[in-house]
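See below for the structure under consideration.
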Amino acid sequence: SFYNQSSDEGPVFPTPTIGMLGVMDDLDDLMTLDFKRPGDLIYLVGESVNDIASSQYLASYHKILAAPAPYFDIDKEYAMHQVVKQLIKHKVIQSAHDVSDGGLYVTLVESALPNDFGFEIETDSAIRKDAFLFGEAQGRVVVSISPNDQERFIEMMATSEVDFSLLGTVTNGFLNIDEELFGHIIDIKMVYNNVLHEILGA
């Protein structure tokens with residue numbers, strides 16, 4: 001609970017929460033999660049695995065609340081972060097967003113929302129579609145790049161030994177997965193902006 005429950009000996013105070021604080025040496029290296037322009041290429045940096053453990057998908061859709069932790073390999077995680085740092089430093093990518101709660105699909109939507117863009121991607125046939133889109137395995141980052149930087153991106157990734165794959169492209173607003181329409185970003189934004197209002201019944 002956010003608040004301490006035992007109040008017999010005095011007032012109830014909020015339980016402290018732990019956050020992360022970082023210092024940037026150079027603001028030119030600041031990277032945001034939002035897609036920048038239609039036509040940019042969307043890549044997944046990191047390994048795709050058949051894993052839906054402890055995901056929002058498993059809990060919300062399948063109603064399974066007890067599951068192992070999501071896939072995590074600390075060595076691959078470290079290597080992935082090092083290469084993403086280099087991609088940012090050398091101005092190769094336009095955006096970067098880690099895959100976490102909700103999986104890849106939610107990551108893509110969150111990157112599309114700020115500028116009302118969409119995306120057109122293809123899933124990996126070697127991975128279960130639900131795991132590919134909604135699994136929360138660690139060690140993955142979605143990046144977008146200008147087509148002009150694709151060659152530099154591939155060269156840097158090829159020397160890194162970190163897995164990467166082309167997902168698709170940024171679009172003007174429609175969301176397409178394996179040539180199937182998943183709606184328009186404006187409709188999704190309306191749901192996103194009104195969800196708290198509906199929960200509170202205001």
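We name chains A, B, ... following the order of the structure tokens; residues begin at 1 in each chain, and ligands are numbered from 1 as shown.
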Would you pick out the contacts of region 83-91 of chain A at 9 Å or less, using only C-alpha atoms, so that residues sharing its chain but fewer than 6 positions from it are not included, and give the list as a PDB file with all heavy atoms, in the first residue's frame?
ATOM      1  N   ASP A  28      23.297  17.387 -25.702  1.00  0.00           N
ATOM      2  CA  ASP A  28      23.155  16.967 -27.105  1.00  0.00           C
ATOM      3  C   ASP A  28      22.917  15.465 -27.208  1.00  0.00           C
ATOM      4  O   ASP A  28      22.474  14.971 -28.243  1.00  0.00           O
ATOM      5  CB  ASP A  28      24.408  17.345 -27.913  1.00  0.00           C
ATOM      6  CG  ASP A  28      24.483  18.837 -28.178  1.00  0.00           C
ATOM      7  OD1 ASP A  28      23.433  19.510 -28.101  1.00  0.00           O
ATOM      8  OD2 ASP A  28      25.590  19.335 -28.446  1.00  0.00           O
ATOM      9  N   ASP A  29      23.228  14.729 -26.133  1.00  0.00           N
ATOM     10  CA  ASP A  29      23.022  13.278 -26.129  1.00  0.00           C
ATOM     11  C   ASP A  29      21.657  12.889 -25.579  1.00  0.00           C
ATOM     12  O   ASP A  29      21.370  11.703 -25.418  1.00  0.00           O
ATOM     13  CB  ASP A  29      24.116  12.600 -25.292  1.00  0.00           C
ATOM     14  CG  ASP A  29      25.476  12.674 -25.962  1.00  0.00           C
ATOM     15  OD1 ASP A  29      25.523  12.833 -27.192  1.00  0.00           O
ATOM     16  OD2 ASP A  29      26.493  12.567 -25.249  1.00  0.00           O
ATOM     17  N   LEU A  30      20.802  13.874 -25.307  1.00  0.00           N
ATOM     18  CA  LEU A  30      19.460  13.577 -24.813  1.00  0.00           C
ATOM     19  C   LEU A  30      18.660  12.853 -25.889  1.00  0.00           C
ATOM     20  O   LEU A  30      18.598  13.300 -27.032  1.00  0.00           O
ATOM     21  CB  LEU A  30      18.752  14.875 -24.420  1.00  0.00           C
ATOM     22  CG  LEU A  30      17.313  14.750 -23.907  1.00  0.00           C
ATOM     23  CD1 LEU A  30      17.297  14.018 -22.575  1.00  0.00           C
ATOM     24  CD2 LEU A  30      16.670  16.116 -23.767  1.00  0.00           C
ATOM     25  N   MET A  31      18.061  11.741 -25.528  1.00  0.00           N
ATOM     26  CA  MET A  31      17.269  10.971 -26.485  1.00  0.00           C
ATOM     27  C   MET A  31      15.859  10.791 -25.930  1.00  0.00           C
ATOM     28  O   MET A  31      15.683  10.511 -24.748  1.00  0.00           O
ATOM     29  CB  MET A  31      17.918   9.599 -26.714  1.00  0.00           C
ATOM     30  CG  MET A  31      17.179   8.690 -27.689  1.00  0.00           C
ATOM     31  SD  MET A  31      16.890   9.414 -29.327  1.00  0.00           S
ATOM     32  CE  MET A  31      18.577   9.792 -29.823  1.00  0.00           C
ATOM     33  N   VAL A  45      16.186  -3.549 -31.031  1.00  0.00           N
ATOM     34  CA  VAL A  45      17.545  -3.876 -30.607  1.00  0.00           C
ATOM     35  C   VAL A  45      17.442  -4.795 -29.398  1.00  0.00           C
ATOM     36  O   VAL A  45      16.827  -4.434 -28.386  1.00  0.00           O
ATOM     37  CB  VAL A  45      18.336  -2.602 -30.246  1.00  0.00           C
ATOM     38  CG1 VAL A  45      19.732  -2.964 -29.737  1.00  0.00           C
ATOM     39  CG2 VAL A  45      18.435  -1.673 -31.454  1.00  0.00           C
ATOM     40  N   VAL A 141      15.088  -2.778 -26.812  1.00  0.00           N
ATOM     41  CA  VAL A 141      14.801  -1.361 -27.006  1.00  0.00           C
ATOM     42  C   VAL A 141      14.326  -1.153 -28.441  1.00  0.00           C
ATOM     43  O   VAL A 141      14.911  -1.694 -29.384  1.00  0.00           O
ATOM     44  CB  VAL A 141      16.050  -0.489 -26.735  1.00  0.00           C
ATOM     45  CG1 VAL A 141      15.835   0.952 -27.190  1.00  0.00           C
ATOM     46  CG2 VAL A 141      16.398  -0.503 -25.252  1.00  0.00           C
ATOM     47  N   VAL A 143      14.038   1.357 -31.459  1.00  0.00           N
ATOM     48  CA  VAL A 143      14.657   2.593 -31.950  1.00  0.00           C
ATOM     49  C   VAL A 143      14.078   2.933 -33.316  1.00  0.00           C
ATOM     50  O   VAL A 143      13.632   2.052 -34.052  1.00  0.00           O
ATOM     51  CB  VAL A 143      16.198   2.477 -32.050  1.00  0.00           C
ATOM     52  CG1 VAL A 143      16.805   2.152 -30.685  1.00  0.00           C
ATOM     53  CG2 VAL A 143      16.615   1.449 -33.089  1.00  0.00           C
ATOM     54  N   PHE A 153      23.657   2.537 -39.149  1.00  0.00           N
ATOM     55  CA  PHE A 153      23.059   1.753 -38.070  1.00  0.00           C
ATOM     56  C   PHE A 153      23.427   0.280 -38.198  1.00  0.00           C
ATOM     57  O   PHE A 153      23.865  -0.353 -37.225  1.00  0.00           O
ATOM     58  CB  PHE A 153      21.539   1.929 -38.097  1.00  0.00           C
ATOM     59  CG  PHE A 153      20.798   1.026 -37.159  1.00  0.00           C
ATOM     60  CD1 PHE A 153      20.693   1.335 -35.807  1.00  0.00           C
ATOM     61  CD2 PHE A 153      20.201  -0.141 -37.615  1.00  0.00           C
ATOM     62  CE1 PHE A 153      20.011   0.493 -34.926  1.00  0.00           C
ATOM     63  CE2 PHE A 153      19.511  -0.978 -36.744  1.00  0.00           C
ATOM     64  CZ  PHE A 153      19.419  -0.657 -35.405  1.00  0.00           C
ATOM     65  N   MET A 156      27.109  -0.387 -37.333  1.00  0.00           N
ATOM     66  CA  MET A 156      27.390  -0.359 -35.900  1.00  0.00           C
ATOM     67  C   MET A 156      26.818  -1.583 -35.202  1.00  0.00           C
ATOM     68  O   MET A 156      27.459  -2.172 -34.329  1.00  0.00           O
ATOM     69  CB  MET A 156      26.836   0.926 -35.274  1.00  0.00           C
ATOM     70  CG  MET A 156      27.599   2.176 -35.650  1.00  0.00           C
ATOM     71  SD  MET A 156      27.027   3.648 -34.770  1.00  0.00           S
ATOM     72  CE  MET A 156      27.483   3.236 -33.086  1.00  0.00           C
ATOM     73  N   MET A 157      25.619  -1.990 -35.591  1.00  0.00           N
ATOM     74  CA  MET A 157      25.005  -3.152 -34.958  1.00  0.00           C
ATOM     75  C   MET A 157      25.752  -4.434 -35.318  1.00  0.00           C
ATOM     76  O   MET A 157      25.903  -5.325 -34.479  1.00  0.00           O
ATOM     77  CB  MET A 157      23.536  -3.268 -35.371  1.00  0.00           C
ATOM     78  CG  MET A 157      22.638  -2.181 -34.830  1.00  0.00           C
ATOM     79  SD  MET A 157      22.690  -1.999 -33.029  1.00  0.00           S
ATOM     80  CE  MET A 157      22.303  -3.656 -32.490  1.00  0.00           C
ATOM     81  N   SER A 160      28.589  -5.134 -33.069  1.00  0.00           N
ATOM     82  CA  SER A 160      28.286  -5.149 -31.636  1.00  0.00           C
ATOM     83  C   SER A 160      27.972  -6.541 -31.089  1.00  0.00           C
ATOM     84  O   SER A 160      28.026  -6.758 -29.887  1.00  0.00           O
ATOM     85  CB  SER A 160      27.089  -4.245 -31.342  1.00  0.00           C
ATOM     86  OG  SER A 160      25.890  -4.844 -31.813  1.00  0.00           O
ATOM     87  N   VAL A 162      25.111  -7.672 -30.805  1.00  0.00           N
ATOM     88  CA  VAL A 162      23.792  -7.569 -30.177  1.00  0.00           C
ATOM     89  C   VAL A 162      22.740  -7.838 -31.248  1.00  0.00           C
ATOM     90  O   VAL A 162      22.822  -7.300 -32.361  1.00  0.00           O
ATOM     91  CB  VAL A 162      23.578  -6.177 -29.554  1.00  0.00           C
ATOM     92  CG1 VAL A 162      22.138  -6.014 -29.051  1.00  0.00           C
ATOM     93  CG2 VAL A 162      24.561  -5.957 -28.402  1.00  0.00           C
TER      94      VAL A 162
END
Fewer than 6 positions away in the same chain doesn't count, so skip those; otherwise give me all residues within 12 Å of Ser55 (chain A), counting only C-alpha atoms, as an MDAnalysis selection string.
-> chainID A and resid 61:71 99:104 106 130:138
One decimal, Å: what's the distance from CA of Gly39 (chain A) over to CA of Arg140 (chain A), could you say?
->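 One can read the CA of Gly39 (chain A) to CA of Arg140 (chain A) distance as 22.0 Å.
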Per DSSP on the backbone, filter region 67-202 of chain A down to the residues in strand (DSSP E) and report them as number ranges by chain.
-> A: 95-98, 118-121, 141-145, 164-171, 174-177, 180-184
Dump N, CA, C and O atoms for the selected residues as a short mmCIF file (atom, residue, chain, number, x, y, z; two decimals), in the first residue's frame?
data_model
loop_
_atom_site.label_atom_id
_atom_site.label_comp_id
_atom_site.auth_asym_id
_atom_site.auth_seq_id
_atom_site.Cartn_x
_atom_site.Cartn_y
_atom_site.Cartn_z
N SER A 95 14.98 8.01 -32.04
CA SER A 95 14.25 7.76 -30.80
C SER A 95 14.68 6.43 -30.23
O SER A 95 15.21 5.57 -30.95
N ALA A 96 14.45 6.26 -28.92
CA ALA A 96 14.74 4.99 -28.26
C ALA A 96 13.77 4.83 -27.11
O ALA A 96 13.55 5.76 -26.33
N HIS A 97 13.18 3.64 -27.00
CA HIS A 97 12.21 3.36 -25.93
C HIS A 97 12.33 1.90 -25.53
O HIS A 97 12.21 1.00 -26.37
N ASP A 98 12.56 1.64 -24.24
CA ASP A 98 12.73 0.27 -23.77
C ASP A 98 11.40 -0.47 -23.75
O ASP A 98 10.36 0.11 -23.51
N GLY A 118 1.74 6.64 -36.42
CA GLY A 118 1.40 5.24 -36.31
C GLY A 118 2.60 4.40 -36.66
O GLY A 118 3.73 4.89 -36.70
N PHE A 119 2.35 3.13 -36.94
CA PHE A 119 3.44 2.25 -37.32
C PHE A 119 2.91 1.10 -38.15
O PHE A 119 1.74 0.71 -38.04
N GLU A 120 3.76 0.57 -38.98
CA GLU A 120 3.47 -0.62 -39.79
C GLU A 120 4.61 -1.59 -39.58
O GLU A 120 5.76 -1.29 -39.96
N ILE A 121 4.32 -2.73 -38.93
CA ILE A 121 5.38 -3.68 -38.61
C ILE A 121 4.98 -5.08 -39.01
O ILE A 121 3.81 -5.36 -39.28
N VAL A 141 15.09 -2.78 -26.81
CA VAL A 141 14.80 -1.36 -27.01
C VAL A 141 14.33 -1.15 -28.44
O VAL A 141 14.91 -1.69 -29.38
N VAL A 142 13.25 -0.38 -28.59
CA VAL A 142 12.77 0.01 -29.91
C VAL A 142 13.43 1.32 -30.29
O VAL A 142 13.40 2.28 -29.51
N VAL A 143 14.04 1.36 -31.46
CA VAL A 143 14.66 2.59 -31.95
C VAL A 143 14.08 2.93 -33.32
O VAL A 143 13.63 2.05 -34.05
N SER A 144 14.06 4.21 -33.63
CA SER A 144 13.68 4.63 -34.98
C SER A 144 14.86 5.38 -35.59
O SER A 144 15.61 6.06 -34.89
N ILE A 145 15.02 5.21 -36.89
CA ILE A 145 16.14 5.84 -37.58
C ILE A 145 15.67 6.42 -38.91
O ILE A 145 14.71 5.94 -39.52
N PHE A 164 19.50 -7.64 -33.51
CA PHE A 164 18.63 -6.54 -33.94
C PHE A 164 17.82 -7.01 -35.13
O PHE A 164 18.22 -7.92 -35.85
N SER A 165 16.65 -6.40 -35.30
CA SER A 165 15.78 -6.80 -36.40
C SER A 165 14.93 -5.61 -36.83
O SER A 165 14.53 -4.78 -36.01
N LEU A 166 14.67 -5.55 -38.13
CA LEU A 166 13.80 -4.51 -38.68
C LEU A 166 12.36 -4.87 -38.40
O LEU A 166 11.89 -5.95 -38.76
N LEU A 167 11.64 -3.96 -37.74
CA LEU A 167 10.22 -4.17 -37.47
C LEU A 167 9.35 -3.62 -38.58
O LEU A 167 8.38 -4.24 -39.00
N GLY A 168 9.64 -2.39 -39.04
CA GLY A 168 8.80 -1.76 -40.05
C GLY A 168 9.08 -0.28 -40.13
O GLY A 168 10.24 0.16 -40.01
N THR A 169 8.03 0.52 -40.31
CA THR A 169 8.19 1.95 -40.51
C THR A 169 7.18 2.74 -39.69
O THR A 169 6.12 2.25 -39.30
N VAL A 170 7.52 4.00 -39.46
CA VAL A 170 6.60 4.96 -38.85
C VAL A 170 5.61 5.42 -39.92
O VAL A 170 5.99 5.66 -41.07
N THR A 171 4.33 5.53 -39.55
CA THR A 171 3.30 5.96 -40.50
C THR A 171 2.63 7.24 -40.02
O THR A 171 2.92 7.74 -38.93
N PHE A 174 -2.04 5.35 -38.87
CA PHE A 174 -2.64 4.03 -38.79
C PHE A 174 -1.65 3.02 -38.22
O PHE A 174 -0.46 3.10 -38.45
N LEU A 175 -2.19 2.06 -37.45
CA LEU A 175 -1.38 1.02 -36.83
C LEU A 175 -1.65 -0.29 -37.56
O LEU A 175 -2.77 -0.80 -37.55
N ASN A 176 -0.63 -0.83 -38.22
CA ASN A 176 -0.77 -2.07 -38.98
C ASN A 176 0.25 -3.09 -38.49
O ASN A 176 1.44 -2.78 -38.38
N ILE A 177 -0.24 -4.30 -38.20
CA ILE A 177 0.63 -5.39 -37.80
C ILE A 177 0.34 -6.58 -38.70
O ILE A 177 -0.81 -7.04 -38.78
N GLU A 180 -2.57 -6.21 -40.92
CA GLU A 180 -3.88 -6.14 -40.28
C GLU A 180 -4.00 -4.80 -39.55
O GLU A 180 -3.12 -4.44 -38.77
N LEU A 181 -5.09 -4.10 -39.81
CA LEU A 181 -5.29 -2.78 -39.21
C LEU A 181 -5.66 -2.90 -37.74
O LEU A 181 -6.58 -3.61 -37.37
N PHE A 182 -4.94 -2.16 -36.90
CA PHE A 182 -5.20 -2.12 -35.46
C PHE A 182 -5.73 -0.76 -35.02
O PHE A 182 -5.62 -0.41 -33.85
N GLY A 183 -6.30 0.00 -35.95
CA GLY A 183 -6.89 1.28 -35.60
C GLY A 183 -6.00 2.46 -35.95
O GLY A 183 -4.99 2.33 -36.64
N HIS A 184 -6.41 3.62 -35.46
CA HIS A 184 -5.70 4.87 -35.72
C HIS A 184 -5.26 5.47 -34.39
O HIS A 184 -5.95 5.34 -33.38
#
Would you please work out which residue, of A:Leu33, A:Met80, A:Ile199, A:Leu27, is nearest to Glu47 (chain A) when using only C-alpha atoms?
->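 Checking each candidate against Glu47 (chain A), we get A:Met80 as the closest.
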Tell me which protein, DNA and RNA residues are within 10 Å of Asn148 (chain A), counting only C-alpha atoms, leaving out same-chain ones fewer than 5 positions away, and put them as an mmCIF file with N, CA and C atoms, in the first residue's frame.
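See part.cif below for the written result:
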data_model
loop_
_atom_site.group_PDB
_atom_site.id
_atom_site.type_symbol
_atom_site.label_atom_id
_atom_site.label_comp_id
_atom_site.auth_asym_id
_atom_site.auth_seq_id
_atom_site.Cartn_x
_atom_site.Cartn_y
_atom_site.Cartn_z
ATOM 1 N N ASP A 40 10.376 6.958 -41.206
ATOM 2 C CA ASP A 40 11.529 6.469 -40.459
ATOM 3 C C ASP A 40 11.389 4.969 -40.229
ATOM 4 N N LEU A 41 12.506 4.293 -40.136
ATOM 5 C CA LEU A 41 12.535 2.848 -39.952
ATOM 6 C C LEU A 41 12.510 2.508 -38.464
ATOM 7 N N VAL A 92 22.886 8.369 -34.566
ATOM 8 C CA VAL A 92 22.415 7.418 -35.570
ATOM 9 C C VAL A 92 20.903 7.218 -35.475
ATOM 10 N N PHE A 153 23.657 2.537 -39.149
ATOM 11 C CA PHE A 153 23.059 1.753 -38.070
ATOM 12 C C PHE A 153 23.427 0.280 -38.198
#
Just how far from CA of Asp116 (chain A) is CA of Asn194 (chain A), in Å to one decimal?
->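 The value is 16.3 Å.
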For Glu151 (chain A), which of A:Ser111, A:Ile93, A:Leu200, A:Phe117 is the closest residue, counting only C-alpha atoms?
->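 Ranked by minimum distance to Glu151 (chain A), first place goes to A:Ile93.
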Shortest interatomic distance to Ser146 (chain A) - which of A:Gly46, A:Val109, A:Gln94, A:Glu122, counting only C-alpha atoms |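 Checking each of A:Gly46, A:Val109, A:Gln94, A:Glu122 against Ser146 (chain A), counting only C-alpha atoms, the winner is A:Gln94.
CA of Ala59 (chain A) lies 28.2 Å from CA of Asp163 (chain A).
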Residues of region 3-180 of chain A in alpha helix (DSSP H) according to DSSP, as a PyMOL selection string?
-> chain A and resi 56-60+74-89+103-112+129-134+150-158
Contact residues around Ala126 (chain A) with only C-alpha atoms at 10 Å, ignoring same-chain residues under 3 positions, as a PDB file with all heavy atoms, in the first residue's frame:
ATOM      1  N   SER A  48      14.598 -11.298 -29.219  1.00  0.00           N
ATOM      2  CA  SER A  48      13.196 -11.700 -29.069  1.00  0.00           C
ATOM      3  C   SER A  48      13.142 -13.139 -28.585  1.00  0.00           C
ATOM      4  O   SER A  48      13.862 -13.994 -29.098  1.00  0.00           O
ATOM      5  CB  SER A  48      12.453 -11.584 -30.405  1.00  0.00           C
ATOM      6  OG  SER A  48      12.329 -10.246 -30.810  1.00  0.00           O
ATOM      7  N   VAL A  49      12.302 -13.381 -27.571  1.00  0.00           N
ATOM      8  CA  VAL A  49      12.185 -14.738 -27.019  1.00  0.00           C
ATOM      9  C   VAL A  49      10.718 -15.091 -26.822  1.00  0.00           C
ATOM     10  O   VAL A  49       9.865 -14.213 -26.717  1.00  0.00           O
ATOM     11  CB  VAL A  49      12.936 -14.874 -25.668  1.00  0.00           C
ATOM     12  CG1 VAL A  49      14.430 -14.700 -25.853  1.00  0.00           C
ATOM     13  CG2 VAL A  49      12.406 -13.879 -24.653  1.00  0.00           C
ATOM     14  N   ASN A  50      10.440 -16.387 -26.778  1.00  0.00           N
ATOM     15  CA  ASN A  50       9.082 -16.873 -26.514  1.00  0.00           C
ATOM     16  C   ASN A  50       8.824 -16.821 -25.002  1.00  0.00           C
ATOM     17  O   ASN A  50       9.009 -17.819 -24.297  1.00  0.00           O
ATOM     18  CB  ASN A  50       8.912 -18.301 -27.030  1.00  0.00           C
ATOM     19  CG  ASN A  50       8.553 -18.339 -28.496  1.00  0.00           C
ATOM     20  OD1 ASN A  50       7.664 -17.618 -28.943  1.00  0.00           O
ATOM     21  ND2 ASN A  50       9.247 -19.159 -29.256  1.00  0.00           N
ATOM     22  N   THR A 123       5.596  -9.125 -37.531  1.00  0.00           N
ATOM     23  CA  THR A 123       6.086  -9.905 -36.403  1.00  0.00           C
ATOM     24  C   THR A 123       7.084 -10.954 -36.886  1.00  0.00           C
ATOM     25  O   THR A 123       7.200 -11.235 -38.084  1.00  0.00           O
ATOM     26  CB  THR A 123       4.925 -10.594 -35.665  1.00  0.00           C
ATOM     27  OG1 THR A 123       4.239 -11.477 -36.568  1.00  0.00           O
ATOM     28  CG2 THR A 123       3.937  -9.561 -35.131  1.00  0.00           C
ATOM     29  N   LYS A 129       3.178 -15.064 -31.688  1.00  0.00           N
ATOM     30  CA  LYS A 129       2.756 -13.679 -31.894  1.00  0.00           C
ATOM     31  C   LYS A 129       2.407 -12.978 -30.585  1.00  0.00           C
ATOM     32  O   LYS A 129       2.731 -11.803 -30.400  1.00  0.00           O
ATOM     33  CB  LYS A 129       1.580 -13.609 -32.857  1.00  0.00           C
ATOM     34  CG  LYS A 129       1.193 -12.179 -33.229  1.00  0.00           C
ATOM     35  CD  LYS A 129       0.153 -12.109 -34.324  1.00  0.00           C
ATOM     36  CE  LYS A 129       0.733 -12.420 -35.667  1.00  0.00           C
ATOM     37  NZ  LYS A 129      -0.191 -12.084 -36.785  1.00  0.00           N
ATOM     38  N   PHE A 132       5.653 -12.164 -28.906  1.00  0.00           N
ATOM     39  CA  PHE A 132       6.374 -11.126 -29.643  1.00  0.00           C
ATOM     40  C   PHE A 132       5.797  -9.744 -29.345  1.00  0.00           C
ATOM     41  O   PHE A 132       6.534  -8.782 -29.134  1.00  0.00           O
ATOM     42  CB  PHE A 132       6.308 -11.409 -31.144  1.00  0.00           C
ATOM     43  CG  PHE A 132       7.165 -10.491 -31.968  1.00  0.00           C
ATOM     44  CD1 PHE A 132       8.535 -10.700 -32.057  1.00  0.00           C
ATOM     45  CD2 PHE A 132       6.611  -9.425 -32.666  1.00  0.00           C
ATOM     46  CE1 PHE A 132       9.343  -9.854 -32.819  1.00  0.00           C
ATOM     47  CE2 PHE A 132       7.401  -8.580 -33.425  1.00  0.00           C
ATOM     48  CZ  PHE A 132       8.776  -8.790 -33.508  1.00  0.00           C
TER      49      PHE A 132
END
